[in-house]
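J.: See my_file.tsv below, with TSV, C-alpha atoms and all ligand atoms.
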```
chain	number	residue	atom	x	y	z
C	556	MET	CA	84.98	94.02	108.15
C	557	LEU	CA	82.15	91.93	109.61
C	558	LEU	CA	79.69	94.82	109.83
C	559	SER	CA	80.50	96.08	106.35
C	560	THR	CA	80.30	92.57	104.90
C	561	ILE	CA	76.87	91.87	106.40
C	562	VAL	CA	75.40	95.21	105.30
C	563	VAL	CA	76.88	94.98	101.82
C	564	LEU	CA	75.80	91.39	101.28
C	565	LEU	CA	72.27	92.38	102.28
C	566	ALA	CA	72.39	95.36	99.92
C	567	LEU	CA	73.75	93.18	97.10
C	568	LEU	CA	71.05	90.57	97.63
C	569	VAL	CA	68.39	93.21	97.37
C	570	LYS	CA	70.03	94.87	94.36
C	571	ARG	CA	70.32	91.61	92.44
C	572	SER	CA	66.89	90.24	93.16
C	573	GLN	CA	64.50	91.64	90.55
C	574	SER	CA	61.48	90.60	92.60
C	575	PHE	CA	62.37	93.00	95.39
C	576	LYS	CA	61.12	96.53	95.09
C	577	LYS	CA	63.47	99.50	94.96
C	578	GLU	CA	62.15	100.65	98.34
C	579	LYS	CA	63.78	97.63	99.98
C	580	LEU	CA	67.21	99.02	99.15
C	581	THR	CA	66.17	102.32	100.65
C	582	VAL	CA	65.16	100.43	103.82
C	583	ILE	CA	68.60	98.74	103.95
C	584	GLY	CA	70.19	102.15	103.39
C	585	GLN	CA	68.16	103.66	106.23
C	586	LEU	CA	68.83	100.69	108.49
C	587	SER	CA	72.58	100.96	107.88
C	588	SER	CA	72.46	104.71	108.46
C	589	ASN	CA	70.72	104.11	111.79
C	590	ILE	CA	73.25	101.44	112.84
C	591	ALA	CA	76.10	103.72	111.77
C	592	HIS	CA	74.60	106.65	113.67
C	593	ASP	CA	74.15	104.53	116.81
C	594	ILE	CA	77.77	103.37	116.62
C	595	ARG	CA	79.14	106.85	115.90
C	596	ASN	CA	77.90	108.39	119.19
C	597	PRO	CA	79.48	105.92	121.65
C	598	LEU	CA	82.57	105.98	119.41
C	599	GLY	CA	82.77	109.74	119.93
C	600	THR	CA	82.53	109.16	123.70
C	601	ILE	CA	85.39	106.61	123.59
C	602	LYS	CA	87.52	109.05	121.57
C	603	ASN	CA	86.88	111.95	123.98
C	604	ALA	CA	87.54	109.73	126.99
C	605	GLY	CA	90.91	108.87	125.41
C	606	VAL	CA	91.78	112.57	125.10
C	607	ILE	CA	90.86	113.18	128.78
C	608	ILE	CA	92.83	110.14	130.04
C	609	GLN	CA	95.87	111.23	127.98
C	610	LYS	CA	95.65	114.75	129.48
C	611	GLU	CA	95.37	113.32	132.99
C	612	ASN	CA	98.42	111.14	132.35
C	613	LYS	CA	100.70	114.00	133.42
C	614	ASP	CA	103.64	111.83	134.51
C	615	GLY	CA	103.62	110.17	131.06
C	616	ASN	CA	102.90	106.58	132.11
C	617	GLU	CA	104.06	104.56	129.09
C	618	VAL	CA	101.50	101.78	129.43
C	619	ILE	CA	98.63	104.29	129.52
C	620	SER	CA	100.04	106.20	126.50
C	621	ARG	CA	100.46	103.00	124.49
C	622	GLU	CA	96.98	101.71	125.28
C	623	ILE	CA	95.40	105.09	124.45
C	624	ASP	CA	97.19	104.99	121.06
C	625	ARG	CA	95.70	101.54	120.49
C	626	ILE	CA	92.23	102.81	121.39
C	627	ASN	CA	92.61	105.76	118.99
C	628	LEU	CA	93.75	103.48	116.16
C	629	SER	CA	90.78	101.16	116.70
C	630	VAL	CA	88.35	104.10	116.81
C	631	ARG	CA	89.78	105.34	113.50
C	632	ARG	CA	89.37	101.88	111.94
C	633	ILE	CA	85.73	101.56	113.01
C	634	SER	CA	85.00	105.14	111.81
C	635	HIS	CA	86.55	104.31	108.43
C	636	GLN	CA	84.42	101.17	108.07
C	637	ILE	CA	81.24	103.07	108.95
C	638	GLU	CA	82.01	105.82	106.44
C	639	GLU	CA	82.75	103.26	103.71
C	640	VAL	CA	79.49	101.36	104.32
C	641	LEU	CA	77.51	104.60	104.34
C	642	ASN	CA	79.14	105.78	101.10
C	643	TYR	CA	78.27	102.45	99.51
C	644	VAL	CA	74.62	102.19	100.56
C	645	ARG	CA	73.67	105.85	100.23
C	646	THR	CA	72.05	106.38	96.86
C	647	THR	CA	70.87	109.95	97.21
C	648	PRO	CA	70.04	111.99	94.10
C	649	LEU	CA	72.87	114.05	92.63
C	650	ILE	CA	73.15	117.72	93.51
C	651	LEU	CA	74.70	119.05	90.29
C	652	LYS	CA	76.31	122.47	90.43
C	653	PRO	CA	79.36	123.97	88.64
C	654	HIS	CA	82.58	123.31	90.58
C	655	SER	CA	86.30	123.63	89.93
C	656	VAL	CA	87.90	120.20	89.46
C	657	ASN	CA	91.30	121.49	90.56
C	658	GLN	CA	89.93	122.99	93.79
C	659	THR	CA	88.06	119.76	94.59
C	660	ILE	CA	91.30	117.79	94.11
C	661	GLN	CA	93.03	120.18	96.53
C	662	GLU	CA	90.21	119.75	99.08
C	663	ALA	CA	90.56	115.97	98.80
C	664	ILE	CA	94.32	116.22	99.48
C	665	ASP	CA	93.67	118.53	102.45
C	666	THR	CA	91.42	115.96	104.13
C	667	LEU	CA	94.23	113.38	104.03
C	668	THR	CA	97.45	113.10	105.99
C	669	VAL	CA	100.01	112.74	103.24
C	670	PRO	CA	103.35	111.43	104.59
C	671	GLU	CA	106.53	113.37	103.77
C	672	ASN	CA	107.95	110.58	101.58
C	673	ILE	CA	105.15	111.19	99.04
C	674	THR	CA	105.00	114.14	96.64
C	675	ILE	CA	101.69	115.01	95.04
C	676	ASN	CA	101.87	116.86	91.73
C	677	THR	CA	98.57	118.66	91.23
C	678	PRO	CA	97.26	119.86	87.83
C	679	THR	CA	98.42	123.24	86.56
C	680	ASN	CA	95.20	123.76	84.62
C	681	ASP	CA	91.57	123.68	85.71
C	682	VAL	CA	88.10	123.04	84.37
C	683	THR	CA	84.73	123.93	85.85
C	684	ILE	CA	82.01	121.37	85.28
C	685	LYS	CA	78.74	120.37	86.92
C	686	PHE	CA	79.04	117.61	89.50
C	687	ASP	CA	77.91	116.60	92.98
C	688	HIS	CA	80.70	118.10	95.06
C	689	GLU	CA	80.30	115.90	98.14
C	690	LYS	CA	80.23	112.69	96.11
C	691	ILE	CA	83.13	113.55	93.78
C	692	LEU	CA	85.17	114.55	96.84
C	693	ILE	CA	84.60	111.01	98.20
C	694	VAL	CA	85.87	109.61	94.86
C	695	PHE	CA	89.03	111.76	94.82
C	696	VAL	CA	89.80	111.02	98.51
C	697	ASN	CA	89.43	107.26	97.93
C	698	ILE	CA	91.70	107.21	94.87
C	699	ILE	CA	94.39	109.40	96.43
C	700	LEU	CA	94.25	107.42	99.69
C	701	ASN	CA	94.67	104.15	97.77
C	702	ALA	CA	97.70	105.65	96.01
C	703	VAL	CA	99.21	106.80	99.33
C	704	GLN	CA	98.62	103.34	100.85
C	705	SER	CA	100.12	101.64	97.81
C	706	ILE	CA	103.32	103.72	97.87
C	707	GLY	CA	103.62	103.09	101.61
C	708	LYS	CA	106.89	104.09	103.26
C	709	THR	CA	109.03	104.27	100.11
C	710	LYS	CA	109.72	107.54	98.33
C	711	GLY	CA	107.03	108.08	95.74
C	712	GLU	CA	104.90	110.39	93.62
C	713	ILE	CA	101.26	110.87	92.77
C	714	THR	CA	100.61	112.89	89.62
C	715	ILE	CA	97.14	114.23	88.91
C	716	THR	CA	96.23	115.71	85.52
C	717	ILE	CA	93.12	117.20	83.94
C	718	ASN	CA	92.38	117.00	80.24
C	719	GLU	CA	89.32	118.29	78.47
C	720	THR	CA	87.54	117.82	75.19
C	721	GLU	CA	84.44	119.65	74.00
C	722	THR	CA	82.17	117.20	75.78
C	723	HIS	CA	84.20	115.65	78.62
C	724	ALA	CA	86.80	116.25	81.32
C	725	THR	CA	89.23	113.45	82.16
C	726	ILE	CA	91.02	113.37	85.49
C	727	GLN	CA	93.95	110.97	85.80
C	728	PHE	CA	95.63	109.84	89.01
C	729	GLU	CA	98.99	108.18	88.44
C	730	ASN	CA	101.08	106.77	91.27
C	731	SER	CA	104.56	105.32	91.54
C	732	GLY	CA	103.59	102.37	93.78
C	733	PRO	CA	103.84	98.69	92.83
C	734	ASN	CA	101.97	97.58	89.72
C	735	ILE	CA	98.61	95.84	89.96
C	736	PRO	CA	98.88	92.28	88.53
C	737	SER	CA	96.80	92.17	85.33
C	738	LYS	CA	94.62	89.33	86.70
C	739	ASP	CA	93.62	91.61	89.59
C	740	LEU	CA	93.10	94.73	87.50
C	741	LYS	CA	89.55	93.84	86.51
C	742	ARG	CA	88.62	93.04	90.10
C	743	VAL	CA	89.62	96.31	91.75
C	744	PHE	CA	86.12	97.82	91.28
C	745	ASP	CA	84.34	94.70	92.61
C	746	THR	CA	82.37	95.10	95.81
C	747	LEU	CA	84.31	93.72	98.82
C	748	TYR	CA	87.49	93.06	96.75
C	749	THR	CA	90.44	94.00	98.92
C	750	THR	CA	94.06	92.92	99.34
C	751	LYS	CA	94.45	94.90	102.58
C	752	LEU	CA	94.15	93.52	106.10
C	753	GLU	CA	92.11	96.50	107.24
C	754	GLY	CA	90.35	97.24	103.93
C	755	THR	CA	86.61	97.02	103.36
C	756	GLY	CA	86.87	96.64	99.57
C	757	LEU	CA	84.14	99.24	99.23
C	758	GLY	CA	86.24	102.28	98.28
C	759	LEU	CA	86.54	101.81	94.50
C	760	SER	CA	83.16	100.14	94.28
C	761	SER	CA	81.57	103.30	95.76
C	762	CYS	CA	83.68	105.42	93.37
C	763	LYS	CA	82.30	103.44	90.42
C	764	ASN	CA	78.70	103.88	91.62
C	765	ILE	CA	79.21	107.62	92.01
C	766	ILE	CA	80.91	108.08	88.62
C	767	GLU	CA	78.24	106.01	86.85
C	768	GLN	CA	75.55	108.05	88.59
C	769	HIS	CA	77.21	111.08	86.91
C	770	LYS	CA	77.06	109.21	83.57
C	771	GLY	CA	80.83	109.09	83.54
C	772	GLU	CA	83.40	106.32	83.32
C	773	ILE	CA	86.13	105.10	85.66
C	774	SER	CA	88.94	102.76	84.68
C	775	ALA	CA	92.24	101.44	85.99
C	776	SER	CA	95.47	100.56	84.21
C	777	THR	CA	98.91	99.46	85.30
C	778	LYS	CA	102.59	100.08	84.48
C	779	PRO	CA	102.30	102.75	85.79
C	780	VAL	CA	99.25	102.45	88.03
C	781	ARG	CA	96.68	104.93	86.78
C	782	PHE	CA	93.04	105.59	87.61
C	783	SER	CA	91.07	107.62	85.03
C	784	ILE	CA	87.76	109.34	85.49
C	785	LYS	CA	85.84	110.71	82.53
C	786	LEU	CA	83.02	113.07	83.38
C	787	PRO	CA	80.57	114.69	80.97
C	788	LYS	CA	80.70	118.50	80.87
J	1	LIG	N1	96.72	102.81	93.59
J	1	LIG	C1	96.64	101.48	93.75
J	1	LIG	N2	97.73	100.71	93.56
J	1	LIG	C2	97.69	99.37	93.69
J	1	LIG	N3	96.56	98.69	94.02
J	1	LIG	C3	95.44	99.38	94.21
J	1	LIG	C4	95.40	100.81	94.09
J	1	LIG	N4	94.14	101.22	94.33
J	1	LIG	C5	93.42	100.11	94.61
J	1	LIG	N5	94.19	99.01	94.54
J	1	LIG	C6	93.75	97.61	94.76
J	1	LIG	O1	92.32	97.55	94.70
J	1	LIG	C7	91.79	97.01	95.91
J	1	LIG	C8	90.42	97.60	96.16
J	1	LIG	O2	90.51	98.98	96.48
J	1	LIG	P1	89.36	99.64	97.35
J	1	LIG	O3	89.69	101.08	97.54
J	1	LIG	O4	88.04	99.32	96.76
J	1	LIG	O5	89.40	98.86	98.74
J	1	LIG	P2	90.56	98.92	99.85
J	1	LIG	O6	91.43	100.12	99.61
J	1	LIG	O7	91.19	97.59	99.90
J	1	LIG	O8	89.72	99.15	101.19
J	1	LIG	P3	89.19	100.56	101.73
J	1	LIG	O9	89.02	101.47	100.56
J	1	LIG	O10	87.95	100.27	102.44
J	1	LIG	O11	90.24	101.06	102.70
J	1	LIG	C9	92.84	97.30	96.97
J	1	LIG	O12	92.77	96.43	98.07
J	1	LIG	C10	94.14	97.11	96.16
J	1	LIG	O13	94.46	95.75	96.04
J	2	MG	MG	90.59	102.03	99.28
```
Reformat the file's structure so that it appears as structure tokens.
T.:
Amino acid sequence: MLLSTIVVLLALLVKRSQSFKKEKLTVIGQLSSNIAHDIRNPLGTIKNAGVIIQKENKDGNEVISREIDRINLSVRRISHQIEEVLNYVRTTPLILKPHSVNQTIQEAIDTLTVPENITINTPTNDVTIKFDHEKILIVFVNIILNAVQSIGKTKGEITITINETETHATIQFENSGPNIPSKDLKRVFDTLYTTKLEGTGLGLSSCKNIIEQHKGEISASTKPVRFSIKLPK
């Protein structure tokens, strides 16, 4: 949280100050990318060392197993924070190409570990529109992950639908988790807004940046909880 907060506050300061030039944000972006890169490598070493120690632990020493699990969990948390910061500060130009929305939703689900208590109903129809595949994948993963986290250990459902008009495609993600209090609804897209102990509060804020870069719209509603994305065709 500390790393992401510092980088994001710096980025926000630069964004908000009209007197700063646009290049300054690029510098912050590059600086964050360098920090992230420098953290990623030793993190990889820690992760691999964990795998080796676990393999060497042939007689199944419980203390070693438990501590390795703790190391792995911490590595995953740091990796998540780095990815979130990078998604937030990276403002690369869009690479627009025609892609299937349905297939991209499926790819997003495949990158996640969805627990057995949660059923995901995917759309039965499809639409092919131009978008930046890598960025929209980040959006779908963030929204589905939030839904999975919100449902938690109870039995629940996530229903994804696609609707199209002549000019737009709308993708809706509905989940059966607890409702979002209406006073919090307008804050969910705010940078650094989080109600989670391990959250960065950058997920939805990055989604909003990406969707707006596509000249689309993203909104949230409750009862039931639903996130809607409207993309131009
Ligand atoms: N499907 C959902 N149901 C209920 N609340 C949600 C849902 N999605 C988002 N929220 C609320 O919006 C907040 C902001 O979401 P966001 O994805 O930006 O950050 P986060 O999930 O807290 O952290 P991170 O994405 O870094 O793990 C969440 O902390 C949560 O309170
Ligand atoms: Mg999130």
J.: Find the residues near Ile594 in chain C: any atom within 12 Å, counting all atoms listed in the file, skip ones fewer than 4 places away on the same chain, and give them as a list in words.
T.: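 Residues near the query, excluding close chain neighbours: Leu558, Ser587, Ser588, Asn589, Ile590, Leu598, Gly599, Thr600, Ile601, Val630, Ile633, Ser634, Gln636, Ile637 and Glu638 of chain C.
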J.: As a quick test: using only C-alpha atoms and all ligand atoms, which residues lie no more than 10 Å away from ligand MG 2 (chain J)? Give them as a list in words.
T.: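 Taking only C-alpha atoms and all ligand atoms into account, the residues around ligand MG 2 (chain J) at most 10 Å away are Glu639, Val694, Val696, Asn697, Ile698, Ile699, Leu700, Asn701, Ala702, Val703, Gln704, Ser705, Val743, Tyr748, Thr749, Thr750, Lys751, Glu753, Gly754, Thr755, Gly756, Leu757, Gly758, Leu759, Ser760, Ser761 and Cys762 of chain C.
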J.: Between CA of Asn680 in chain C and CA of Ile717 in chain C, measure the distance and give it in Å to one decimal.
T.: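 Distance reported for this atom pair: 6.9 Å.
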J.: Using only C-alpha atoms for the distances, tell me which of C:Leu641, C:Ile726, C:Ile784, C:Ala604 is nearest to Gly771 in chain C.
T.: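 When distances to Gly771 in chain C are compared using only C-alpha atoms, the smallest one comes from C:Ile784.
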J.: Counting all atoms listed in the file, figure out which residue out of C:Thr674, C:Asn596, C:Ser776, C:Thr646 gets nearest to Ile583 in chain C.
T.: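 Distance minimum relative to Ile583 in chain C lands on C:Thr646.
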J.: Taking only C-alpha atoms and all ligand atoms into account, which of C:Ser737, C:Glu767, C:Val618, C:Lys788 comes nearest ligand LIG 1 (chain J)?
T.: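 Among the listed residues, the smallest separation from ligand LIG 1 (chain J) belongs to C:Ser737.
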J.: Which residue gives the smallest distance to ligand LIG 1 (chain J) among C:Leu786, C:Val644, C:Leu628, C:Ala775, with only C-alpha atoms and all ligand atoms counted?
T.: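 Nearest candidate to ligand LIG 1 (chain J) out of C:Leu786, C:Val644, C:Leu628, C:Ala775: C:Ala775.
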J.: Which residue gives the smallest distance to Pro653 in chain C among C:Glu729, C:Asp687, C:Asp681, C:Asp593, with only C-alpha atoms counted?
T.: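 Smallest separation from Pro653 in chain C among the options: C:Asp687.
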